[in-house]
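Student: Enclosed is the structure file coords-v7.pdb (PDB, C-alpha atoms).
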MODEL        1
ATOM      1  CA  MET A   1      39.072 150.207 -89.787
ATOM      2  CA  THR A   2      37.016 151.699 -86.978
ATOM      3  CA  SER A   3      34.082 150.076 -85.219
ATOM      4  CA  PRO A   4      30.653 151.410 -86.216
ATOM      5  CA  HIS A   5      29.389 150.557 -82.741
ATOM      6  CA  ILE A   6      28.835 153.015 -79.895
ATOM      7  CA  LYS A   7      31.750 152.911 -77.466
ATOM      8  CA  PRO A   8      30.821 153.372 -73.812
ATOM      9  CA  ARG A   9      32.825 155.703 -71.616
ATOM     10  CA  GLY A  10      35.831 154.010 -70.041
ATOM     11  CA  LEU A  11      35.931 153.051 -66.374
ATOM     12  CA  ARG A  12      38.165 155.401 -64.417
ATOM     13  CA  PRO A  13      39.299 155.046 -60.787
ATOM     14  CA  GLY A  14      36.303 155.556 -58.534
ATOM     15  CA  ALA A  15      33.792 154.466 -61.206
ATOM     16  CA  THR A  16      30.596 152.886 -59.899
ATOM     17  CA  LEU A  17      29.750 149.355 -61.043
ATOM     18  CA  ALA A  18      26.249 147.874 -60.807
ATOM     19  CA  ILE A  19      26.444 144.193 -59.850
ATOM     20  CA  LEU A  20      23.511 142.332 -61.415
ATOM     21  CA  SER A  21      22.160 138.765 -61.481
ATOM     22  CA  LEU A  22      20.314 138.393 -64.780
ATOM     23  CA  ALA A  23      20.300 134.604 -65.138
ATOM     24  CA  SER A  24      20.805 131.942 -62.449
ATOM     25  CA  ALA A  25      20.852 132.488 -58.687
ATOM     26  CA  THR A  26      24.227 133.102 -57.128
ATOM     27  CA  LYS A  27      25.790 132.642 -53.702
ATOM     28  CA  SER A  28      25.891 135.750 -51.519
ATOM     29  CA  GLU A  29      29.323 134.914 -50.108
ATOM     30  CA  LEU A  30      30.811 134.770 -53.614
ATOM     31  CA  VAL A  31      29.211 138.084 -54.519
ATOM     32  CA  GLU A  32      30.630 139.621 -51.341
ATOM     33  CA  ARG A  33      34.121 138.375 -52.197
ATOM     34  CA  GLY A  34      33.831 139.611 -55.775
ATOM     35  CA  VAL A  35      32.591 143.014 -54.662
ATOM     36  CA  ALA A  36      35.472 143.291 -52.178
ATOM     37  CA  HIS A  37      37.954 142.521 -54.972
ATOM     38  CA  LEU A  38      36.433 145.154 -57.265
ATOM     39  CA  ARG A  39      36.590 147.695 -54.463
ATOM     40  CA  ARG A  40      40.264 146.900 -53.908
ATOM     41  CA  LEU A  41      40.749 147.737 -57.585
ATOM     42  CA  GLY A  42      39.361 151.187 -56.884
ATOM     43  CA  TYR A  43      35.741 150.830 -57.967
ATOM     44  CA  LYS A  44      32.599 151.693 -56.078
ATOM     45  CA  THR A  45      29.796 149.143 -56.336
ATOM     46  CA  VAL A  46      26.030 149.097 -56.055
ATOM     47  CA  LEU A  47      24.171 145.806 -55.808
ATOM     48  CA  GLY A  48      21.117 145.344 -57.991
ATOM     49  CA  SER A  49      17.877 145.269 -55.977
ATOM     50  CA  HIS A  50      17.356 141.597 -56.834
ATOM     51  CA  ALA A  51      20.966 140.471 -57.297
ATOM     52  CA  LEU A  52      20.767 138.019 -54.405
ATOM     53  CA  ASP A  53      17.258 136.707 -55.138
ATOM     54  CA  SER A  54      16.830 132.956 -55.476
ATOM     55  CA  GLY A  55      14.047 131.277 -57.420
ATOM     56  CA  PRO A  56      11.709 130.497 -58.928
ATOM     57  CA  LEU A  57      13.506 127.320 -59.973
ATOM     58  CA  TYR A  58      17.179 128.121 -60.667
ATOM     59  CA  TYR A  59      16.577 131.770 -61.594
ATOM     60  CA  ALA A  60      17.964 134.799 -59.755
ATOM     61  CA  GLY A  61      14.473 136.147 -59.141
ATOM     62  CA  LYS A  62      11.387 136.638 -61.256
ATOM     63  CA  LEU A  63      11.670 137.778 -64.862
ATOM     64  CA  GLU A  64      10.210 141.206 -64.112
ATOM     65  CA  ASP A  65      12.661 141.742 -61.251
ATOM     66  CA  ARG A  66      15.730 140.856 -63.312
ATOM     67  CA  LEU A  67      14.393 143.073 -66.089
ATOM     68  CA  HIS A  68      13.941 145.911 -63.607
ATOM     69  CA  ASP A  69      17.548 145.636 -62.416
ATOM     70  CA  PHE A  70      18.865 145.685 -66.002
ATOM     71  CA  HIS A  71      16.910 148.796 -66.954
ATOM     72  CA  ALA A  72      17.575 150.532 -63.630
ATOM     73  CA  ALA A  73      21.342 150.097 -64.041
ATOM     74  CA  PHE A  74      21.350 151.635 -67.516
ATOM     75  CA  ALA A  75      18.999 154.448 -66.456
ATOM     76  CA  ASN A  76      20.916 155.396 -63.294
ATOM     77  CA  PRO A  77      23.325 158.263 -64.121
ATOM     78  CA  GLU A  78      25.443 157.337 -61.103
ATOM     79  CA  VAL A  79      26.204 153.877 -62.540
ATOM     80  CA  ASP A  80      29.224 153.840 -64.845
ATOM     81  CA  GLY A  81      29.321 150.141 -65.779
ATOM     82  CA  ILE A  82      27.521 146.826 -65.308
ATOM     83  CA  VAL A  83      29.129 143.555 -64.177
ATOM     84  CA  CYS A  84      27.085 140.348 -63.957
ATOM     85  CA  THR A  85      27.493 138.045 -60.965
ATOM     86  CA  ARG A  86      27.372 134.755 -62.904
ATOM     87  CA  GLY A  87      25.778 133.087 -65.906
ATOM     88  CA  GLY A  88      23.828 129.841 -65.783
ATOM     89  CA  TRP A  89      20.527 130.210 -67.569
ATOM     90  CA  GLY A  90      17.903 132.933 -67.806
ATOM     91  CA  SER A  91      19.071 136.096 -69.539
ATOM     92  CA  ALA A  92      17.415 135.093 -72.814
ATOM     93  CA  GLU A  93      14.057 135.454 -71.063
ATOM     94  CA  LEU A  94      14.664 139.210 -70.926
ATOM     95  CA  LEU A  95      15.127 139.730 -74.658
ATOM     96  CA  PRO A  96      11.526 140.503 -75.755
ATOM     97  CA  TYR A  97      11.159 143.138 -73.031
ATOM     98  CA  LEU A  98      14.426 145.083 -73.220
ATOM     99  CA  ASP A  99      14.348 148.819 -73.942
ATOM    100  CA  ALA A 100      16.842 149.540 -76.723
ATOM    101  CA  ALA A 101      16.183 153.286 -76.674
ATOM    102  CA  LEU A 102      17.059 153.431 -72.978
ATOM    103  CA  VAL A 103      20.362 151.613 -73.561
ATOM    104  CA  ARG A 104      21.284 153.730 -76.597
ATOM    105  CA  SER A 105      20.645 156.883 -74.581
ATOM    106  CA  ASN A 106      22.806 155.658 -71.690
ATOM    107  CA  PRO A 107      25.679 153.602 -73.147
ATOM    108  CA  LYS A 108      27.924 152.046 -70.530
ATOM    109  CA  PRO A 109      30.187 148.980 -70.296
ATOM    110  CA  PHE A 110      28.359 145.669 -69.916
ATOM    111  CA  VAL A 111      30.514 142.736 -68.739
ATOM    112  CA  GLY A 112      29.584 139.056 -68.590
ATOM    113  CA  TYR A 113      29.969 135.763 -70.439
ATOM    114  CA  SER A 114      28.365 132.344 -70.884
ATOM    115  CA  ASP A 115      24.558 132.685 -70.812
ATOM    116  CA  HIS A 116      24.921 136.452 -71.252
ATOM    117  CA  THR A 117      25.970 135.833 -74.850
ATOM    118  CA  SER A 118      22.287 136.394 -75.648
ATOM    119  CA  LEU A 119      22.500 139.876 -74.100
ATOM    120  CA  HIS A 120      25.724 140.680 -75.928
ATOM    121  CA  CYS A 121      24.055 139.771 -79.244
ATOM    122  CA  TRP A 122      21.004 141.888 -78.398
ATOM    123  CA  LEU A 123      23.089 144.865 -77.271
ATOM    124  CA  HIS A 124      25.023 144.773 -80.553
ATOM    125  CA  ARG A 125      21.988 144.403 -82.809
ATOM    126  CA  GLU A 126      19.438 146.593 -81.064
ATOM    127  CA  ALA A 127      21.557 149.140 -79.173
ATOM    128  CA  ASN A 128      24.685 149.165 -81.374
ATOM    129  CA  LEU A 129      26.869 148.939 -78.264
ATOM    130  CA  VAL A 130      30.425 147.656 -77.776
ATOM    131  CA  THR A 131      30.310 145.120 -74.913
ATOM    132  CA  PHE A 132      32.828 143.043 -72.963
ATOM    133  CA  TYR A 133      33.029 139.258 -72.755
ATOM    134  CA  GLY A 134      34.841 139.015 -69.481
ATOM    135  CA  PRO A 135      35.058 138.103 -65.793
ATOM    136  CA  MET A 136      32.020 138.276 -63.521
ATOM    137  CA  ALA A 137      31.730 139.264 -59.860
ATOM    138  CA  ALA A 138      30.852 135.933 -58.226
ATOM    139  CA  ALA A 139      32.254 133.582 -60.867
ATOM    140  CA  ASP A 140      35.678 135.213 -61.223
ATOM    141  CA  PHE A 141      36.399 138.272 -59.073
ATOM    142  CA  SER A 142      35.593 136.177 -56.008
ATOM    143  CA  ARG A 143      39.008 134.507 -56.543
ATOM    144  CA  ASP A 144      42.384 136.236 -56.528
ATOM    145  CA  ASP A 145      43.330 134.462 -59.767
ATOM    146  CA  GLY A 146      39.895 134.655 -61.377
ATOM    147  CA  ALA A 147      40.321 137.757 -63.553
ATOM    148  CA  ASP A 148      43.099 138.704 -65.953
ATOM    149  CA  LEU A 149      43.673 142.291 -64.863
ATOM    150  CA  PRO A 150      45.869 143.489 -67.778
ATOM    151  CA  SER A 151      43.185 142.725 -70.380
ATOM    152  CA  TRP A 152      40.480 144.125 -68.056
ATOM    153  CA  GLN A 153      42.389 147.399 -67.776
ATOM    154  CA  GLN A 154      43.153 147.598 -71.491
ATOM    155  CA  SER A 155      39.585 146.787 -72.476
ATOM    156  CA  LEU A 156      37.759 149.036 -70.034
ATOM    157  CA  THR A 157      40.163 151.918 -69.460
ATOM    158  CA  GLY A 158      42.608 151.765 -72.379
ATOM    159  CA  ASP A 159      42.685 154.416 -75.076
ATOM    160  CA  SER A 160      44.894 152.647 -77.597
ATOM    161  CA  ALA A 161      45.355 149.445 -79.575
ATOM    162  CA  TRP A 162      46.690 146.356 -77.765
ATOM    163  CA  SER A 163      47.185 142.636 -78.289
ATOM    164  CA  LEU A 164      46.467 139.160 -76.949
ATOM    165  CA  GLY A 165      48.823 136.285 -77.552
ATOM    166  CA  GLU A 166      50.596 133.260 -76.142
ATOM    167  CA  ALA A 167      50.550 134.682 -72.605
ATOM    168  CA  GLU A 168      46.736 134.639 -72.773
ATOM    169  CA  GLY A 169      46.718 131.035 -74.039
ATOM    170  CA  LEU A 170      46.351 131.685 -77.770
ATOM    171  CA  ARG A 171      47.731 128.979 -80.070
ATOM    172  CA  VAL A 172      47.634 128.333 -83.819
ATOM    173  CA  LEU A 173      45.272 125.654 -85.061
ATOM    174  CA  ARG A 174      45.388 126.775 -88.699
ATOM    175  CA  ALA A 175      47.872 129.393 -89.880
ATOM    176  CA  GLY A 176      46.917 132.602 -91.628
ATOM    177  CA  ARG A 177      45.994 136.233 -91.200
ATOM    178  CA  ALA A 178      42.573 137.880 -91.069
ATOM    179  CA  GLU A 179      40.952 141.149 -90.086
ATOM    180  CA  GLY A 180      37.442 142.022 -88.966
ATOM    181  CA  MET A 181      35.154 143.029 -86.119
ATOM    182  CA  VAL A 182      35.313 140.853 -82.996
ATOM    183  CA  THR A 183      32.057 139.033 -82.276
ATOM    184  CA  GLY A 184      30.870 135.785 -80.707
ATOM    185  CA  GLY A 185      30.557 134.238 -77.265
ATOM    186  CA  CYS A 186      29.293 130.925 -75.940
ATOM    187  CA  LEU A 187      28.770 128.507 -78.839
ATOM    188  CA  SER A 188      25.749 126.683 -77.428
ATOM    189  CA  ILE A 189      23.895 129.953 -76.731
ATOM    190  CA  ILE A 190      24.611 131.180 -80.263
ATOM    191  CA  ALA A 191      23.529 127.873 -81.818
ATOM    192  CA  GLU A 192      20.306 127.766 -79.796
ATOM    193  CA  ALA A 193      19.411 131.302 -80.909
ATOM    194  CA  LEU A 194      19.451 130.390 -84.595
ATOM    195  CA  GLY A 195      15.972 130.465 -86.088
ATOM    196  CA  THR A 196      14.745 132.976 -83.506
ATOM    197  CA  PRO A 197      14.379 136.777 -83.799
ATOM    198  CA  TYR A 198      17.400 137.039 -81.473
ATOM    199  CA  ALA A 199      19.903 135.116 -83.573
ATOM    200  CA  PRO A 200      23.243 136.853 -84.125
ATOM    201  CA  ARG A 201      23.800 138.528 -87.460
ATOM    202  CA  ILE A 202      27.293 138.751 -88.899
ATOM    203  CA  GLU A 203      26.926 141.203 -91.746
ATOM    204  CA  LYS A 204      30.477 142.575 -91.903
ATOM    205  CA  GLU A 205      33.856 140.887 -92.040
ATOM    206  CA  SER A 206      34.399 139.516 -88.550
ATOM    207  CA  ILE A 207      36.723 137.588 -86.259
ATOM    208  CA  LEU A 208      34.478 135.051 -84.506
ATOM    209  CA  PHE A 209      35.289 134.044 -80.925
ATOM    210  CA  LEU A 210      33.690 130.824 -79.628
ATOM    211  CA  GLU A 211      33.943 129.069 -76.260
ATOM    212  CA  ASP A 212      31.799 126.795 -74.082
ATOM    213  CA  ILE A 213      31.762 124.461 -71.101
ATOM    214  CA  GLY A 214      31.092 120.715 -70.799
ATOM    215  CA  THR A 215      30.870 120.274 -74.562
ATOM    216  CA  LYS A 216      32.231 117.115 -76.188
ATOM    217  CA  ALA A 217      34.025 116.864 -79.520
ATOM    218  CA  TYR A 218      30.990 115.672 -81.490
ATOM    219  CA  GLN A 219      28.890 118.479 -79.990
ATOM    220  CA  TRP A 220      31.405 121.092 -81.153
ATOM    221  CA  ASP A 221      31.328 119.462 -84.584
ATOM    222  CA  ARG A 222      27.505 119.461 -84.636
ATOM    223  CA  MET A 223      27.086 123.078 -83.550
ATOM    224  CA  LEU A 224      29.783 124.366 -85.898
ATOM    225  CA  LEU A 225      28.023 122.561 -88.755
ATOM    226  CA  HIS A 226      24.785 124.236 -87.630
ATOM    227  CA  LEU A 227      26.501 127.641 -87.841
ATOM    228  CA  ARG A 228      27.785 126.826 -91.322
ATOM    229  CA  TYR A 229      24.380 125.711 -92.580
ATOM    230  CA  ALA A 230      22.768 128.816 -91.059
ATOM    231  CA  GLY A 231      25.142 131.076 -92.994
ATOM    232  CA  ILE A 232      26.748 132.500 -89.858
ATOM    233  CA  LEU A 233      30.273 131.929 -91.189
ATOM    234  CA  GLU A 234      29.810 133.626 -94.563
ATOM    235  CA  LYS A 235      31.352 136.926 -93.421
ATOM    236  CA  VAL A 236      33.743 135.371 -90.894
ATOM    237  CA  THR A 237      37.382 135.876 -91.867
ATOM    238  CA  GLY A 238      39.005 134.160 -88.872
ATOM    239  CA  ILE A 239      37.966 132.132 -85.826
ATOM    240  CA  VAL A 240      39.391 132.012 -82.311
ATOM    241  CA  PHE A 241      38.332 129.281 -79.893
ATOM    242  CA  GLY A 242      38.618 129.553 -76.143
ATOM    243  CA  ASP A 243      40.477 127.414 -73.643
ATOM    244  CA  MET A 244      39.041 123.911 -73.990
ATOM    245  CA  GLY A 245      40.053 122.785 -70.500
ATOM    246  CA  GLN A 246      36.487 123.139 -69.229
ATOM    247  CA  ASN A 247      35.193 120.924 -72.065
ATOM    248  CA  VAL A 248      37.477 117.905 -72.323
ATOM    249  CA  SER A 249      40.368 116.309 -70.432
ATOM    250  CA  PRO A 250      43.936 117.022 -71.612
ATOM    251  CA  GLY A 251      44.020 113.570 -73.175
ATOM    252  CA  GLU A 252      41.023 114.415 -75.362
ATOM    253  CA  ALA A 253      42.251 117.830 -76.501
ATOM    254  CA  GLU A 254      43.863 116.647 -79.732
ATOM    255  CA  TYR A 255      40.720 114.702 -80.664
ATOM    256  CA  LEU A 256      38.605 117.812 -80.094
ATOM    257  CA  GLU A 257      40.905 119.890 -82.274
ATOM    258  CA  ARG A 258      40.580 117.314 -85.068
ATOM    259  CA  ALA A 259      36.793 117.505 -84.747
ATOM    260  CA  ILE A 260      36.897 121.291 -85.029
ATOM    261  CA  LEU A 261      39.099 121.160 -88.119
ATOM    262  CA  HIS A 262      36.763 118.580 -89.633
ATOM    263  CA  ALA A 263      33.739 120.800 -89.034
ATOM    264  CA  LEU A 264      35.576 123.777 -90.536
ATOM    265  CA  ARG A 265      37.200 122.015 -93.480
ATOM    266  CA  GLU A 266      35.293 124.298 -95.900
ATOM    267  CA  PHE A 267      36.233 127.432 -93.955
ATOM    268  CA  ASP A 268      39.346 129.025 -95.453
ATOM    269  CA  GLY A 269      40.409 131.459 -92.746
ATOM    270  CA  PRO A 270      42.931 131.157 -89.915
ATOM    271  CA  ILE A 271      41.888 129.404 -86.713
ATOM    272  CA  GLY A 272      43.281 130.023 -83.259
ATOM    273  CA  ILE A 273      42.498 128.144 -80.065
ATOM    274  CA  GLY A 274      43.189 128.334 -76.340
ATOM    275  CA  LEU A 275      42.356 131.981 -75.610
ATOM    276  CA  ARG A 276      41.733 132.076 -71.874
ATOM    277  CA  CYS A 277      38.378 133.861 -72.034
ATOM    278  CA  GLY A 278      34.969 132.779 -70.748
ATOM    279  CA  HIS A 279      34.746 129.391 -69.026
ATOM    280  CA  VAL A 280      38.291 129.041 -67.704
ATOM    281  CA  SER A 281      39.897 127.851 -64.488
ATOM    282  CA  THR A 282      42.107 130.889 -63.939
ATOM    283  CA  TYR A 283      42.821 134.460 -65.088
ATOM    284  CA  ASN A 284      39.777 135.088 -67.265
ATOM    285  CA  VAL A 285      40.645 137.433 -70.159
ATOM    286  CA  THR A 286      38.376 140.368 -71.021
ATOM    287  CA  LEU A 287      37.590 140.488 -74.748
ATOM    288  CA  PRO A 288      35.811 143.515 -76.258
ATOM    289  CA  LEU A 289      33.055 142.621 -78.711
ATOM    290  CA  GLY A 290      32.288 145.060 -81.515
ATOM    291  CA  VAL A 291      35.783 146.438 -82.161
ATOM    292  CA  SER A 292      38.120 145.817 -85.079
ATOM    293  CA  ALA A 293      40.946 143.288 -84.783
ATOM    294  CA  ARG A 294      43.661 141.622 -86.807
ATOM    295  CA  LEU A 295      44.321 137.921 -86.238
ATOM    296  CA  ASP A 296      47.915 137.042 -87.130
ATOM    297  CA  LEU A 297      48.546 133.305 -86.885
ATOM    298  CA  THR A 298      51.361 133.167 -89.416
ATOM    299  CA  GLU A 299      54.011 132.346 -86.779
ATOM    300  CA  PRO A 300      53.192 129.336 -84.551
ATOM    301  CA  ARG A 301      55.568 130.627 -81.876
ATOM    302  CA  ASN A 302      54.028 134.099 -81.831
ATOM    303  CA  PRO A 303      50.239 133.969 -82.323
ATOM    304  CA  GLN A 304      48.686 137.419 -82.044
ATOM    305  CA  MET A 305      45.214 138.892 -81.889
ATOM    306  CA  HIS A 306      45.665 142.636 -82.282
ATOM    307  CA  LEU A 307      42.808 144.840 -81.050
ATOM    308  CA  LEU A 308      43.163 147.720 -83.491
ATOM    309  CA  GLU A 309      41.268 150.374 -81.562
ATOM    310  CA  ALA A 310      40.206 151.318 -78.072
ATOM    311  CA  ALA A 311      36.947 149.702 -76.932
ATOM    312  CA  VAL A 312      35.880 152.704 -74.844
ATOM    313  CA  SER A 313      35.595 156.423 -75.374
ATOM    314  CA  GLY A 314      37.461 159.001 -73.337
TER     315      GLY A 314
ENDMDL
END
What is this structure when it is put down as structure tokens?
Tutor:
Amino acid sequence: MTSPHIKPRGLRPGATLAILSLASATKSELVERGVAHLRRLGYKTVLGSHALDSGPLYYAGKLEDRLHDFHAAFANPEVDGIVCTRGGWGSAELLPYLDAALVRSNPKPFVGYSDHTSLHCWLHREANLVTFYGPMAAADFSRDDGADLPSWQQSLTGDSAWSLGEAEGLRVLRAGRAEGMVTGGCLSIIAEALGTPYAPRIEKESILFLEDIGTKAYQWDRMLLHLRYAGILEKVTGIVFGDMGQNVSPGEAEYLERAILHALREFDGPIGIGLRCGHVSTYNVTLPLGVSARLDLTEPRNPQMHLLEAAVSG
């Protein structure tokens, strides 16, 4: 099974990354540290014109300025990939004004998580682009242990299939095996999009990845029920949840897992949990969205999520 999405060109040594703030304002010192880390990895960087803007309110600049930086990065032939500085709130404001034709004509890797789930969904639906749910410049690359470099390299430069497993935090919550296209992101952003023109559509068999931050057990239960009622799970063959350490204390983890299983009691597929991707405390895994995968949770001691194809073109 091969992804029907457009695969951007992979990032080679010396590739130029545009560093953009499309949601909340960031701290310049964190951006500087993240940029320095990316340069040590061999990349060149160019800072978006408004990447360090602050305000109005909590935004990283005015809507039109963030929109300008997004379009300018895709239009610039010298930019090979786009890495967001941080999430927060604000990228959904861009959705009505984005130029799908521009993106389709200039496909390139887009990396971010959290609030940027709305952009991932839009890029899949409107531009048919494979994207990357992974570490950001200020939020993750500013720390030595913030980004999981093996999955970053495999996702953005690899030309073959690869796997995620116990080393990346994956555990079995419900055993089984499933296959489908990887999709998903931050649960609260997905749930809030339902009922809008920008809601995700899962029209082919898919492995759904979900993660969040500061979300209690009953809130996971409520939003998963919302997804069920909205029909989002009808084509989902398997589900993988992220690392829950940013949501509940270790003592509440088992209670949260029970709440998830309760919410998904009518879902028949395998369920994994603990994948260290998105809101995590260390070594943030890069997960390609829009590629085919096989979820093998038949062996509790060896959970595997096999990415069945490269996420980038040559």
Student: Any chance you could tabulate, as JSON lines, the residues of region 59-170 of chain A at most 9 Å from region 200-221 of chain A with each one's nearest atom pair and distance in Å to one decimal, using only C-alpha atoms, in chain and rising number order?
Tutor:
{"residue": "A:Ser114", "atom": "CA", "partner": "A:Asp212", "partner_atom": "CA", "distance": 7.3}
{"residue": "A:Ser118", "atom": "CA", "partner": "A:Pro200", "partner_atom": "CA", "distance": 8.5}
{"residue": "A:Cys121", "atom": "CA", "partner": "A:Pro200", "partner_atom": "CA", "distance": 5.7}
{"residue": "A:Trp122", "atom": "CA", "partner": "A:Pro200", "partner_atom": "CA", "distance": 7.9}
{"residue": "A:His124", "atom": "CA", "partner": "A:Pro200", "partner_atom": "CA", "distance": 8.9}
{"residue": "A:Arg125", "atom": "CA", "partner": "A:Arg201", "partner_atom": "CA", "distance": 7.7}
Student: Taking all atoms listed in the file into account, which of A:Gly269, A:Gly278, A:Gly176, A:Gly87 comes nearest Glu234 (chain A)?
Tutor: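 Selected residue with least distance to Glu234 (chain A): A:Gly269.
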Student: Spell out the residues picked by the PyMOL selection byres ((chain A and resi 82) around 8) here, as an mmCIF file with C-alpha atoms, in the frame of the given file.
Tutor:
data_model
loop_
_atom_site.group_PDB
_atom_site.id
_atom_site.type_symbol
_atom_site.label_atom_id
_atom_site.label_comp_id
_atom_site.auth_asym_id
_atom_site.auth_seq_id
_atom_site.Cartn_x
_atom_site.Cartn_y
_atom_site.Cartn_z
ATOM 1 C CA LEU A 17 29.750 149.355 -61.043
ATOM 2 C CA ALA A 18 26.249 147.874 -60.807
ATOM 3 C CA ILE A 19 26.444 144.193 -59.850
ATOM 4 C CA LEU A 20 23.511 142.332 -61.415
ATOM 5 C CA ALA A 73 21.342 150.097 -64.041
ATOM 6 C CA VAL A 79 26.204 153.877 -62.540
ATOM 7 C CA ASP A 80 29.224 153.840 -64.845
ATOM 8 C CA GLY A 81 29.321 150.141 -65.779
ATOM 9 C CA VAL A 83 29.129 143.555 -64.177
ATOM 10 C CA CYS A 84 27.085 140.348 -63.957
ATOM 11 C CA LYS A 108 27.924 152.046 -70.530
ATOM 12 C CA PRO A 109 30.187 148.980 -70.296
ATOM 13 C CA PHE A 110 28.359 145.669 -69.916
ATOM 14 C CA VAL A 111 30.514 142.736 -68.739
#
Student: For Tyr198 (chain A), which residue out of A:His120, A:Lys62, A:His306, A:His5 is the nearest one, using all atoms listed in the file?
Tutor: A:His120
Student: Distance CA of His226 (chain A)-CA of Ala259 (chain A), one decimal place?
Tutor: 14.1 Å
